[in-house]
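Q: Quick one: structure below, then a few questions.
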Amino acid sequence: MSAQLQFPEPVHGTVNTSAGEQAKTDGITRATENTDADWATACRAAIERMARRGTPFQAADLIAEGLVDEPDSTARWGAAFYAAARAGVIQEAGFVKSKRATVHSSICKQWTGTRSAAA
């Protein structure tokens, strides 16, 4: 019989919410700075188009509908959706399995347009 390893308390330094948020911000900044301008423009337009529909969507839907191609790095997706959310175009709509075969149905965010995007 095997037992699960139990830690009596969190390992010091492994749980730090502010450090996690800072790492996220740094990563998004790097991804944005290194994104091809043409792809960024096309992706922003694709997200806005999907947002106007008012139905939930994920990055795979943008590709499936031929609105944008795959980026050179998957990190570009997070930066694009984060920027659209900060601009008030989209909002989180839960988590679902990704439709992209390359990520083996891993969990991803689902988005929907905001009221202002639908107007």
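The chains in the structure tokens are called A, B, ... from first to last as shown; in each chain the residues are counted from 1, and the ligands are counted from 1 in the order shown.
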List the neighbours of Phe95 (chain A) out to 9 Å using only C-alpha atoms; skip same-chain residues closer than 3 positions along the sequence, and give me the result as JSON, numbers by chain.
A: {"A": [92, 98, 107, 108, 109, 110, 111]}
Q: Can you spit out the residues from that selection as a PDB file, in the first residue's frame, using N, CA, C and O atoms?
A:
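New file out_27.pdb:
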ATOM      1  N   GLU A  92     -14.070  36.752 -18.681  1.00  0.00           N
ATOM      2  CA  GLU A  92     -13.977  35.313 -18.466  1.00  0.00           C
ATOM      3  C   GLU A  92     -15.365  34.704 -18.407  1.00  0.00           C
ATOM      4  O   GLU A  92     -16.288  35.286 -17.853  1.00  0.00           O
ATOM      5  N   SER A  98      -9.808  22.454 -23.939  1.00  0.00           N
ATOM      6  CA  SER A  98      -9.391  23.069 -25.190  1.00  0.00           C
ATOM      7  C   SER A  98      -9.821  22.194 -26.360  1.00  0.00           C
ATOM      8  O   SER A  98      -9.792  20.969 -26.280  1.00  0.00           O
ATOM      9  N   ILE A 107      -7.255  22.057 -19.945  1.00  0.00           N
ATOM     10  CA  ILE A 107      -8.219  23.079 -19.544  1.00  0.00           C
ATOM     11  C   ILE A 107      -7.745  24.457 -20.028  1.00  0.00           C
ATOM     12  O   ILE A 107      -6.573  24.794 -19.932  1.00  0.00           O
ATOM     13  N   CYS A 108      -8.674  25.240 -20.549  1.00  0.00           N
ATOM     14  CA  CYS A 108      -8.350  26.602 -20.972  1.00  0.00           C
ATOM     15  C   CYS A 108      -9.513  27.527 -20.620  1.00  0.00           C
ATOM     16  O   CYS A 108     -10.630  27.075 -20.378  1.00  0.00           O
ATOM     17  N   LYS A 109      -9.218  28.811 -20.593  1.00  0.00           N
ATOM     18  CA  LYS A 109     -10.270  29.794 -20.318  1.00  0.00           C
ATOM     19  C   LYS A 109     -11.194  29.906 -21.511  1.00  0.00           C
ATOM     20  O   LYS A 109     -10.783  29.804 -22.654  1.00  0.00           O
ATOM     21  N   GLN A 110     -12.425  30.159 -21.190  1.00  0.00           N
ATOM     22  CA  GLN A 110     -13.444  30.461 -22.187  1.00  0.00           C
ATOM     23  C   GLN A 110     -13.821  31.920 -21.970  1.00  0.00           C
ATOM     24  O   GLN A 110     -13.797  32.407 -20.843  1.00  0.00           O
ATOM     25  N   TRP A 111     -14.120  32.611 -23.036  1.00  0.00           N
ATOM     26  CA  TRP A 111     -14.401  34.035 -22.972  1.00  0.00           C
ATOM     27  C   TRP A 111     -15.732  34.346 -23.624  1.00  0.00           C
ATOM     28  O   TRP A 111     -16.225  33.595 -24.443  1.00  0.00           O
TER      29      TRP A 111
END
Q: Give me, as number ranges by chain, all polymer residues having an atom no more than 10 Å from region 73-90 of chain A, counting only C-alpha atoms and skipping those fewer than 5 positions away in the same chain.
A: A: 24-25, 27-36, 39-41, 43-44, 47-52, 54, 56, 58-59, 109-118
Q: Write down as a PDB file with C-alpha atoms, in the first residue's frame the residues of chain A whose backbone DSSP state falls under strand (DSSP E).
A:
ATOM      1  CA  ILE A  90     -14.194  40.308 -23.289  1.00  0.00           C
ATOM      2  CA  GLN A  91     -14.684  38.745 -19.900  1.00  0.00           C
ATOM      3  CA  GLU A  92     -13.977  35.313 -18.466  1.00  0.00           C
ATOM      4  CA  ALA A  93     -16.751  32.771 -18.961  1.00  0.00           C
ATOM      5  CA  GLY A  94     -15.343  29.792 -17.102  1.00  0.00           C
ATOM      6  CA  PHE A  95     -12.964  27.015 -17.994  1.00  0.00           C
ATOM      7  CA  VAL A  96     -13.463  24.273 -20.575  1.00  0.00           C
ATOM      8  CA  LYS A  97     -11.412  21.630 -22.336  1.00  0.00           C
ATOM      9  CA  ILE A 107      -8.219  23.079 -19.544  1.00  0.00           C
ATOM     10  CA  CYS A 108      -8.350  26.602 -20.972  1.00  0.00           C
ATOM     11  CA  LYS A 109     -10.270  29.794 -20.318  1.00  0.00           C
ATOM     12  CA  GLN A 110     -13.444  30.461 -22.187  1.00  0.00           C
ATOM     13  CA  TRP A 111     -14.401  34.035 -22.972  1.00  0.00           C
ATOM     14  CA  THR A 112     -17.477  35.992 -23.933  1.00  0.00           C
ATOM     15  CA  GLY A 113     -17.982  39.532 -25.119  1.00  0.00           C
TER      16      GLY A 113
END
Q: Which of region 13-110 of chain A end up as alpha helix (DSSP H) when DSSP is run on this backbone - answer as a count of residues only?
A: 52
Q: Could you state the separation of CA of Val68 (chain A) and CA of Arg53 (chain A) in Å, given to one decimal place?
A: 16.7 Å
Q: What does the distance between CA of Ala101 (chain A) and CA of Ala46 (chain A) come to in Å, to one decimal place?
A: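 Computing it gives 20.7 Å between the two atoms.
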Q: Record the distance separating CA of Asp69 (chain A) and CA of Asp38 (chain A), expressed in Å with one decimal.
A: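 Atom-to-atom, CA of Asp69 (chain A) to CA of Asp38 (chain A), that is 10.9 Å.
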